[in-house]
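Peer 1: Quick one: this structure, given as structure tokens, is what I'll be asking you about.
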Amino acid sequence: MGSEYSRENRVIRSSSTNNVDGGNWILLHSSIGVSAMHMQLLRNGKVVIFDGIEVGPSNLTLPNNQCLRITNNRRQVVTDCTAHSVLYDVISNTFRPLTLRTNTWCSSGSVASDGTLVQTGGYGDGIRKIRTFSPFCIQYQNDVVVSDGSSSCDWTEFAGISLADRRWYSSSQVLPDGRLIIVGGRQAFSYEFFPKNPQNDRSFYLRFLFETMDPYEENNLYPFLHLLPDGNLFIFANNRSISLDYNRNRIVKEFPIIPGGYKRSYPSTGSSVLLPLRLHADVAIPEAEVIICGGSQSGAFTMSNKARVFLPAARSCGRIKVTDSDPKWVMEYMPMPRVMPDMLILPTGDVIIINGAGNGTAGWNDAVNPVLNPVLYRTGKRYGRRFSVLNPTAIPRMYHSSAVLLPSGGILVGGSNPHRKYNFTADLFPTELSLEVYQPYYLDTQYASMRPSILTIETNMQVVSYGQMFSVTFVLPMYRPIPGVSVALVTPSFSTHSFAMNQRMLVLDVAGFERLSIVAYKITAHGPPTSAVAPPGYYMLFLVHSGVPSEGVWVKVE
């Protein structure tokens, strides 16, 4: 499969054996000044991007030409006048620097129910820190709102509140009551909650996290977390998984070990998603399936780190219906091996597998053979016919890459820095500061007549309430009977280290459909049944017609 890359045209054009699946790549910026180790889409259409403060000077100065005194990993106080975070505006394709004061390197995050990013942990002086970034920081003058502050919002750090345990390489998940649970991390065999309970500000030991740690290699960091529709928490680390009742600190179920002998957690990094939950008004707890793809062989990190031998990554994916009474893994095989893949659910309900390498593991220069082609996994196809290879990028996205779904249905991709510091002259895989977007097939102009455009969401303040029906009016340029339109809610996920935390898609139960004019329609759907199925917060609402999604519109579920 050949490719042609043009930075001048800002489009990566590639030949493909399947024009429907191929898609295309657009280079947004050759440099945003910062490497995108972490990314989070906010409800105002902006993306918070950051790495860590000890990777050395970036290529972007701090706001107002300020300089900070920071503590590096050797506990030395040094001066840094460069930014390690940016706010990217999707609509205008612009970015501006943000100010981090402590180290966010290899940290976690979740968007709270009010739309605020709550970012937890990191390294060094940031390992117990809690930070927030609000999409709208209201500014007043004489008790009158003069600005929503979105053009001047910046990071806020909690001064008097810290995490109970050291959280480096931890994961987080929003819970049904709106709290965040933060799980694991290096030598952190526990979980804790935010906001803090003043009467019980502690962490809870979870032996499972200790049991899944391999000597030297660990292979249990950044555990995969998925909130199950019964309210319990699915936790996967290394090659094992459990369902945890976190309120009682009790393991409800241990699932079978995923077959194949591969390790799936950092640094033998695979990826995981909770497949779309398909809701029915008369079913309170829908079926839930988890899929895990990629990873590395046992011993691969030792071989790459010590001997500089890069073992082939895993080709396999395991899919398990966790709501079954006797769940079993069903193994499938990607078209090529992959370690450090990012897996994102598209508005169509399919999964894109993107970024990563074919050999080695995560870590400093511990992988080779970048996998440039994304892969589409069609969740509804029959076994053996679910994978197809998509058009390649020309930019390797190795260790410390990230990707997020945008309201357009495109995938924002950035990052790649397999070095301890920023290194722009490395022979292999120099630090990558570029930002690009992958546009799936459904964004091609040939599908424009099939693409719904949402006009109104007939709810109070665009709030979708649990168990209540609501309607969406939309237009469809194509004049013909519609074979089927679905309504989907998708969370904005926090992406780092090949795991999109809090990623969730709900396909709602449609209650009615009405034609209003030649091109206008109204569709009525049931809201999610419970907060265990749909944790409170902001979601992107998509209408999908014959495999072609609308632009996402923000709604609040509560």
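Starting from 1 in every chain, residues are counted up; chains themselves are A, B, ... following the order of the structure tokens, and ligands are numbered from 1 as listed.
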Which residues in stretch 214-413 of chain A does DSSP call strand (DSSP E)? List them as a ChimeraX atom specification.
Peer 2: /A:224-227,233-237,240-245,250-254,262-263,271-274,277-278,289-293,296-297,316-321,329-333,342-345,351-354,357-360,367-370,375-377,387-389,401-405,411-413
Peer 1: Please identify all polymer residues within 9 Å of A:Ala534, counting only C-alpha atoms, omitting same-chain residues fewer than 3 positions from it, and present them as a PyMOL selection string.
Peer 2: chain A and resi 176+229+466+504-506+528-531+537+557-558
Peer 1: Mind checking which residues fall within 12 Å of A:Asp366, counting only C-alpha atoms, ignoring those fewer than 5 positions away in the same chain, and posting them as a short mmCIF file (atom, residue, chain, number, x, y, z; two decimals) with C-alpha atoms, in the first residue's frame?
Peer 2:
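That gives us around11.cif:
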data_model
loop_
_atom_site.label_atom_id
_atom_site.label_comp_id
_atom_site.auth_asym_id
_atom_site.auth_seq_id
_atom_site.Cartn_x
_atom_site.Cartn_y
_atom_site.Cartn_z
CA PRO A 267 4.62 -1.43 29.48
CA SER A 268 3.39 -4.38 27.38
CA THR A 269 0.72 -1.98 26.29
CA SER A 296 3.52 -7.79 24.04
CA ALA A 300 9.45 -8.35 25.77
CA PHE A 301 10.20 -5.30 27.91
CA THR A 302 13.33 -6.93 29.33
CA MET A 303 14.51 -7.89 25.85
CA SER A 304 13.97 -4.42 24.37
CA ASN A 305 15.21 -2.51 27.40
CA LYS A 306 18.29 -4.60 28.19
CA ALA A 307 19.24 -6.51 25.04
CA ARG A 308 17.76 -4.17 22.40
CA VAL A 309 15.90 -7.09 20.86
CA PHE A 310 12.37 -6.15 19.84
CA LEU A 311 9.97 -9.07 19.97
CA PRO A 312 6.86 -9.10 17.75
CA ALA A 313 3.77 -7.55 19.35
CA VAL A 339 1.69 -2.66 20.72
CA MET A 340 0.68 0.78 22.07
CA GLY A 356 1.55 2.10 17.82
CA ALA A 357 4.33 -0.27 16.73
CA GLY A 358 4.77 -3.80 15.49
CA ASN A 359 7.67 -4.81 17.74
CA GLY A 360 8.79 -4.12 21.31
CA THR A 361 6.98 -2.42 24.17
CA MET A 398 5.09 5.60 18.99
CA TYR A 399 5.39 5.86 22.78
CA HIS A 400 3.54 8.82 24.31
CA ASN A 417 8.19 10.97 22.21
CA PRO A 418 10.08 7.78 23.11
CA HIS A 419 12.88 9.81 24.72
CA ARG A 420 13.53 11.01 28.26
CA LEU A 428 14.73 6.91 14.91
CA PHE A 429 11.47 8.52 15.98
#
Peer 1: Which of these residues is nearest to A:Phe234, using only C-alpha atoms: A:Lys321, A:Arg451, A:Lys263, A:Arg248?
Peer 2: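 Going through A:Lys321, A:Arg451, A:Lys263, A:Arg248 one by one, the smallest distance to A:Phe234 is for A:Lys321.
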Peer 1: Quote the spacing between atom CA of A:Leu100 and atom CA of A:Phe494 in Å to one decimal place.
Peer 2: 17.5 Å
Peer 1: Would you mind telling me which residue in A:Val371, A:Leu206, A:Val283, A:Val174 lies nearest to A:Leu227 when using only C-alpha atoms?
Peer 2: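 For A:Leu227, the nearest of the given residues is A:Val174.
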Peer 1: Could you please determine the separation between atom CA of A:Ile32 and atom CA of A:Leu221 in Å, to one decimal place?
Peer 2: 28.6 Å
Peer 1: Write out as a ChimeraX atom specification each polymer residue whose atoms come within 8 Å of stretch 538-555 of chain A, counting only C-alpha atoms; drop sequence neighbours fewer than 3 positions from it.
Peer 2: /A:43,113-115,347-348,407-409,442-443,447,450-454,462-464,482-492
Peer 1: Write a file of the just-selected residues containing N, CA, C and O atoms, as a compact mmCIF listing (two decimals), in the first residue's frame.
Peer 2:
# COMPACT_ATOMS: atom_id res chain seq x y z
N ARG A 43 -16.33 20.29 26.39
CA ARG A 43 -17.62 20.57 25.77
C ARG A 43 -17.68 21.91 25.05
O ARG A 43 -18.69 22.20 24.39
N SER A 113 -18.97 15.75 36.22
CA SER A 113 -20.32 15.94 35.68
C SER A 113 -20.61 17.37 35.26
O SER A 113 -21.49 17.62 34.44
N ASP A 114 -19.86 18.35 35.79
CA ASP A 114 -20.07 19.74 35.39
C ASP A 114 -19.22 20.15 34.19
O ASP A 114 -19.22 21.31 33.80
N GLY A 115 -18.48 19.19 33.62
CA GLY A 115 -17.67 19.48 32.44
C GLY A 115 -16.25 19.86 32.72
O GLY A 115 -15.48 20.12 31.79
N PRO A 347 -18.73 7.12 16.08
CA PRO A 347 -20.18 7.32 16.25
C PRO A 347 -21.02 6.21 15.63
O PRO A 347 -22.17 6.01 16.02
N THR A 348 -20.45 5.47 14.68
CA THR A 348 -21.16 4.36 14.04
C THR A 348 -21.24 3.13 14.94
O THR A 348 -21.96 2.18 14.62
N PRO A 407 -16.20 15.99 17.72
CA PRO A 407 -17.63 16.07 17.37
C PRO A 407 -17.90 15.87 15.88
O PRO A 407 -18.99 15.44 15.50
N SER A 408 -16.92 16.17 15.05
CA SER A 408 -17.09 15.97 13.61
C SER A 408 -17.15 14.50 13.23
O SER A 408 -17.57 14.15 12.12
N GLY A 409 -16.70 13.63 14.13
CA GLY A 409 -16.54 12.21 13.81
C GLY A 409 -15.13 11.87 13.39
O GLY A 409 -14.81 10.70 13.16
N TYR A 442 -16.84 8.01 6.32
CA TYR A 442 -18.15 8.65 6.33
C TYR A 442 -18.08 10.17 6.22
O TYR A 442 -19.10 10.83 6.01
N LEU A 443 -16.89 10.76 6.33
CA LEU A 443 -16.73 12.20 6.17
C LEU A 443 -16.42 12.57 4.72
O LEU A 443 -16.28 13.76 4.41
N TYR A 447 -20.77 11.03 0.76
CA TYR A 447 -21.81 10.66 1.72
C TYR A 447 -22.56 11.88 2.28
O TYR A 447 -23.34 11.74 3.21
N MET A 450 -26.27 11.76 2.67
CA MET A 450 -26.76 10.79 3.65
C MET A 450 -26.53 11.25 5.08
O MET A 450 -26.95 10.58 6.02
N ARG A 451 -25.87 12.40 5.24
CA ARG A 451 -25.46 12.85 6.57
C ARG A 451 -26.57 13.68 7.23
O ARG A 451 -26.94 14.75 6.74
N PRO A 452 -27.11 13.25 8.37
CA PRO A 452 -28.11 14.06 9.07
C PRO A 452 -27.48 15.33 9.65
O PRO A 452 -26.31 15.35 10.02
N SER A 453 -28.28 16.38 9.71
CA SER A 453 -27.87 17.62 10.39
C SER A 453 -28.89 17.92 11.48
O SER A 453 -30.08 18.12 11.19
N ILE A 454 -28.43 17.95 12.72
CA ILE A 454 -29.33 18.17 13.85
C ILE A 454 -29.76 19.63 13.91
O ILE A 454 -28.93 20.54 13.83
N GLN A 462 -31.09 21.35 26.92
CA GLN A 462 -30.35 20.24 26.32
C GLN A 462 -29.88 19.24 27.36
O GLN A 462 -28.76 18.72 27.31
N VAL A 463 -30.77 18.94 28.29
CA VAL A 463 -30.52 17.93 29.32
C VAL A 463 -31.31 16.68 28.99
O VAL A 463 -32.51 16.75 28.74
N VAL A 464 -30.65 15.56 28.96
CA VAL A 464 -31.29 14.26 28.78
C VAL A 464 -31.43 13.63 30.15
O VAL A 464 -30.44 13.40 30.85
N ILE A 482 -36.16 6.59 4.82
CA ILE A 482 -34.97 6.31 5.62
C ILE A 482 -35.04 4.89 6.15
O ILE A 482 -35.98 4.52 6.84
N PRO A 483 -34.02 4.05 5.83
CA PRO A 483 -34.06 2.67 6.31
C PRO A 483 -33.83 2.54 7.80
O PRO A 483 -34.24 1.56 8.41
N GLY A 484 -33.21 3.53 8.41
CA GLY A 484 -32.96 3.42 9.84
C GLY A 484 -32.07 4.54 10.33
O GLY A 484 -31.03 4.83 9.74
N VAL A 485 -32.47 5.19 11.41
CA VAL A 485 -31.66 6.22 12.05
C VAL A 485 -31.51 5.83 13.52
O VAL A 485 -32.50 5.49 14.18
N SER A 486 -30.28 5.86 14.03
CA SER A 486 -30.05 5.55 15.44
C SER A 486 -29.59 6.80 16.17
O SER A 486 -29.10 7.75 15.56
N VAL A 487 -29.78 6.79 17.49
CA VAL A 487 -29.39 7.90 18.35
C VAL A 487 -28.32 7.38 19.30
O VAL A 487 -28.54 6.40 20.02
N ALA A 488 -27.17 8.04 19.30
CA ALA A 488 -26.04 7.57 20.11
C ALA A 488 -25.52 8.69 20.99
O ALA A 488 -25.47 9.86 20.58
N LEU A 489 -25.13 8.34 22.20
CA LEU A 489 -24.45 9.24 23.12
C LEU A 489 -23.02 8.73 23.32
O LEU A 489 -22.82 7.54 23.59
N VAL A 490 -22.04 9.63 23.20
CA VAL A 490 -20.64 9.25 23.32
C VAL A 490 -19.95 10.21 24.28
O VAL A 490 -20.07 11.43 24.14
N THR A 491 -19.22 9.66 25.26
CA THR A 491 -18.49 10.49 26.20
C THR A 491 -17.20 11.02 25.57
O THR A 491 -16.62 10.37 24.71
N PRO A 492 -16.72 12.19 26.01
CA PRO A 492 -15.38 12.63 25.63
C PRO A 492 -14.36 11.94 26.54
O PRO A 492 -14.45 12.04 27.76
Peer 1: Name all residues at most 8 Å from A:Ser401 (count only C-alpha atoms; drop same-chain ones fewer than 3 positions away) and give them as a PDB file with all heavy atoms, in the first residue's frame.
Peer 2:
ATOM      1  N   ALA A  36       1.945  15.640  22.416  1.00  0.00           N
ATOM      2  CA  ALA A  36       0.622  15.319  22.984  1.00  0.00           C
ATOM      3  C   ALA A  36       0.642  13.964  23.697  1.00  0.00           C
ATOM      4  O   ALA A  36       0.113  12.973  23.192  1.00  0.00           O
ATOM      5  CB  ALA A  36      -0.435  15.336  21.893  1.00  0.00           C
ATOM      6  N   MET A  37       1.214  13.938  24.904  1.00  0.00           N
ATOM      7  CA  MET A  37       1.199  12.725  25.726  1.00  0.00           C
ATOM      8  C   MET A  37      -0.198  12.446  26.256  1.00  0.00           C
ATOM      9  O   MET A  37      -0.608  11.291  26.394  1.00  0.00           O
ATOM     10  CB  MET A  37       2.170  12.866  26.903  1.00  0.00           C
ATOM     11  CG  MET A  37       2.302  11.633  27.772  1.00  0.00           C
ATOM     12  SD  MET A  37       3.253  11.926  29.299  1.00  0.00           S
ATOM     13  CE  MET A  37       4.838  12.415  28.661  1.00  0.00           C
ATOM     14  N   HIS A  38      -0.943  13.512  26.592  1.00  0.00           N
ATOM     15  CA  HIS A  38      -2.306  13.388  27.105  1.00  0.00           C
ATOM     16  C   HIS A  38      -3.215  14.334  26.313  1.00  0.00           C
ATOM     17  O   HIS A  38      -2.810  15.452  25.969  1.00  0.00           O
ATOM     18  CB  HIS A  38      -2.412  13.795  28.584  1.00  0.00           C
ATOM     19  CG  HIS A  38      -1.335  13.268  29.482  1.00  0.00           C
ATOM     20  ND1 HIS A  38      -0.066  13.811  29.531  1.00  0.00           N
ATOM     21  CD2 HIS A  38      -1.347  12.280  30.403  1.00  0.00           C
ATOM     22  CE1 HIS A  38       0.649  13.159  30.432  1.00  0.00           C
ATOM     23  NE2 HIS A  38      -0.090  12.230  30.978  1.00  0.00           N
ATOM     24  N   ASN A 355      -2.342   4.226  15.750  1.00  0.00           N
ATOM     25  CA  ASN A 355      -1.056   4.464  16.414  1.00  0.00           C
ATOM     26  C   ASN A 355      -0.371   3.149  16.791  1.00  0.00           C
ATOM     27  O   ASN A 355      -0.940   2.071  16.670  1.00  0.00           O
ATOM     28  CB  ASN A 355      -1.199   5.358  17.652  1.00  0.00           C
ATOM     29  CG  ASN A 355      -1.740   6.740  17.342  1.00  0.00           C
ATOM     30  OD1 ASN A 355      -1.668   7.195  16.205  1.00  0.00           O
ATOM     31  ND2 ASN A 355      -2.286   7.410  18.343  1.00  0.00           N
ATOM     32  N   ARG A 397       3.607   7.194  15.162  1.00  0.00           N
ATOM     33  CA  ARG A 397       3.079   7.582  16.476  1.00  0.00           C
ATOM     34  C   ARG A 397       3.420   6.454  17.446  1.00  0.00           C
ATOM     35  O   ARG A 397       2.700   5.475  17.559  1.00  0.00           O
ATOM     36  CB  ARG A 397       1.568   7.806  16.407  1.00  0.00           C
ATOM     37  CG  ARG A 397       1.137   8.910  15.447  1.00  0.00           C
ATOM     38  CD  ARG A 397       1.529  10.294  15.905  1.00  0.00           C
ATOM     39  NE  ARG A 397       1.085  11.327  14.968  1.00  0.00           N
ATOM     40  CZ  ARG A 397       1.319  12.626  15.126  1.00  0.00           C
ATOM     41  NH1 ARG A 397       2.002  13.058  16.171  1.00  0.00           N
ATOM     42  NH2 ARG A 397       0.876  13.498  14.232  1.00  0.00           N
ATOM     43  N   MET A 398       4.547   6.633  18.132  1.00  0.00           N
ATOM     44  CA  MET A 398       5.087   5.597  18.988  1.00  0.00           C
ATOM     45  C   MET A 398       4.710   5.878  20.445  1.00  0.00           C
ATOM     46  O   MET A 398       3.593   6.302  20.731  1.00  0.00           O
ATOM     47  CB  MET A 398       6.600   5.521  18.777  1.00  0.00           C
ATOM     48  CG  MET A 398       7.028   5.358  17.317  1.00  0.00           C
ATOM     49  SD  MET A 398       6.609   3.751  16.611  1.00  0.00           S
ATOM     50  CE  MET A 398       7.958   2.764  17.225  1.00  0.00           C
ATOM     51  N   VAL A 413      -5.136  13.247  16.313  1.00  0.00           N
ATOM     52  CA  VAL A 413      -3.991  12.401  16.634  1.00  0.00           C
ATOM     53  C   VAL A 413      -2.757  13.277  16.841  1.00  0.00           C
ATOM     54  O   VAL A 413      -2.492  14.194  16.061  1.00  0.00           O
ATOM     55  CB  VAL A 413      -3.712  11.381  15.502  1.00  0.00           C
ATOM     56  CG1 VAL A 413      -2.509  10.514  15.836  1.00  0.00           C
ATOM     57  CG2 VAL A 413      -4.941  10.518  15.250  1.00  0.00           C
ATOM     58  N   GLY A 414      -2.007  13.008  17.907  1.00  0.00           N
ATOM     59  CA  GLY A 414      -0.784  13.759  18.171  1.00  0.00           C
ATOM     60  C   GLY A 414       0.172  12.977  19.035  1.00  0.00           C
ATOM     61  O   GLY A 414      -0.096  11.855  19.455  1.00  0.00           O
ATOM     62  N   GLY A 415       1.309  13.603  19.316  1.00  0.00           N
ATOM     63  CA  GLY A 415       2.275  13.016  20.220  1.00  0.00           C
ATOM     64  C   GLY A 415       3.228  12.049  19.555  1.00  0.00           C
ATOM     65  O   GLY A 415       3.240  11.875  18.342  1.00  0.00           O
ATOM     66  N   SER A 416       4.071  11.437  20.370  1.00  0.00           N
ATOM     67  CA  SER A 416       5.124  10.467  20.072  1.00  0.00           C
ATOM     68  C   SER A 416       6.446  11.055  20.542  1.00  0.00           C
ATOM     69  O   SER A 416       7.006  11.957  19.916  1.00  0.00           O
ATOM     70  CB  SER A 416       5.217  10.107  18.586  1.00  0.00           C
ATOM     71  OG  SER A 416       6.138   9.040  18.417  1.00  0.00           O
ATOM     72  N   ASN A 417       6.896  10.551  21.673  1.00  0.00           N
ATOM     73  CA  ASN A 417       8.189  10.966  22.214  1.00  0.00           C
ATOM     74  C   ASN A 417       8.780   9.826  23.037  1.00  0.00           C
ATOM     75  O   ASN A 417       8.600   9.768  24.250  1.00  0.00           O
ATOM     76  CB  ASN A 417       8.050  12.224  23.087  1.00  0.00           C
ATOM     77  CG  ASN A 417       9.405  12.690  23.602  1.00  0.00           C
ATOM     78  OD1 ASN A 417      10.432  12.444  22.979  1.00  0.00           O
ATOM     79  ND2 ASN A 417       9.423  13.346  24.752  1.00  0.00           N
ATOM     80  N   THR A 496      -4.399   8.757  27.049  1.00  0.00           N
ATOM     81  CA  THR A 496      -2.956   8.707  27.285  1.00  0.00           C
ATOM     82  C   THR A 496      -2.528   7.257  27.333  1.00  0.00           C
ATOM     83  O   THR A 496      -3.298   6.375  27.732  1.00  0.00           O
ATOM     84  CB  THR A 496      -2.563   9.433  28.586  1.00  0.00           C
ATOM     85  OG1 THR A 496      -1.128   9.542  28.645  1.00  0.00           O
ATOM     86  CG2 THR A 496      -3.045   8.697  29.828  1.00  0.00           C
ATOM     87  N   HIS A 497      -1.309   6.977  26.919  1.00  0.00           N
ATOM     88  CA  HIS A 497      -0.718   5.646  27.035  1.00  0.00           C
ATOM     89  C   HIS A 497      -1.650   4.546  26.523  1.00  0.00           C
ATOM     90  O   HIS A 497      -1.821   3.509  27.157  1.00  0.00           O
ATOM     91  CB  HIS A 497      -0.299   5.388  28.479  1.00  0.00           C
ATOM     92  CG  HIS A 497       0.883   6.198  28.913  1.00  0.00           C
ATOM     93  ND1 HIS A 497       0.768   7.538  29.204  1.00  0.00           N
ATOM     94  CD2 HIS A 497       2.187   5.872  29.098  1.00  0.00           C
ATOM     95  CE1 HIS A 497       1.967   8.010  29.544  1.00  0.00           C
ATOM     96  NE2 HIS A 497       2.841   7.031  29.478  1.00  0.00           N
ATOM     97  N   SER A 498      -2.282   4.821  25.377  1.00  0.00           N
ATOM     98  CA  SER A 498      -3.084   3.826  24.655  1.00  0.00           C
ATOM     99  C   SER A 498      -4.376   3.441  25.357  1.00  0.00           C
ATOM    100  O   SER A 498      -4.956   2.400  25.035  1.00  0.00           O
ATOM    101  CB  SER A 498      -2.252   2.558  24.379  1.00  0.00           C
ATOM    102  OG  SER A 498      -1.092   2.868  23.651  1.00  0.00           O
TER     103      SER A 498
END
Peer 1: List the neighbours of stretch 78-84 of chain A out to 10 Å using only C-alpha atoms; skip same-chain residues closer than 5 positions along the sequence, and give me the result as a PyMOL selection string.
Peer 2: chain A and resi 33-36+49-63+65-72+96-101+103-104
Peer 1: Would you work out the distance separating atom CA of A:Ala532 from atom CA of A:Asp177, expressed in Å to one decimal?
Peer 2: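 Computing it gives 8.4 Å between the two atoms.
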Peer 1: Would you mind telling me which residue in A:Leu476, A:Leu433, A:Leu390, A:Ile235 lies nearest to A:Gly23 when using only C-alpha atoms?
Peer 2: A:Leu390
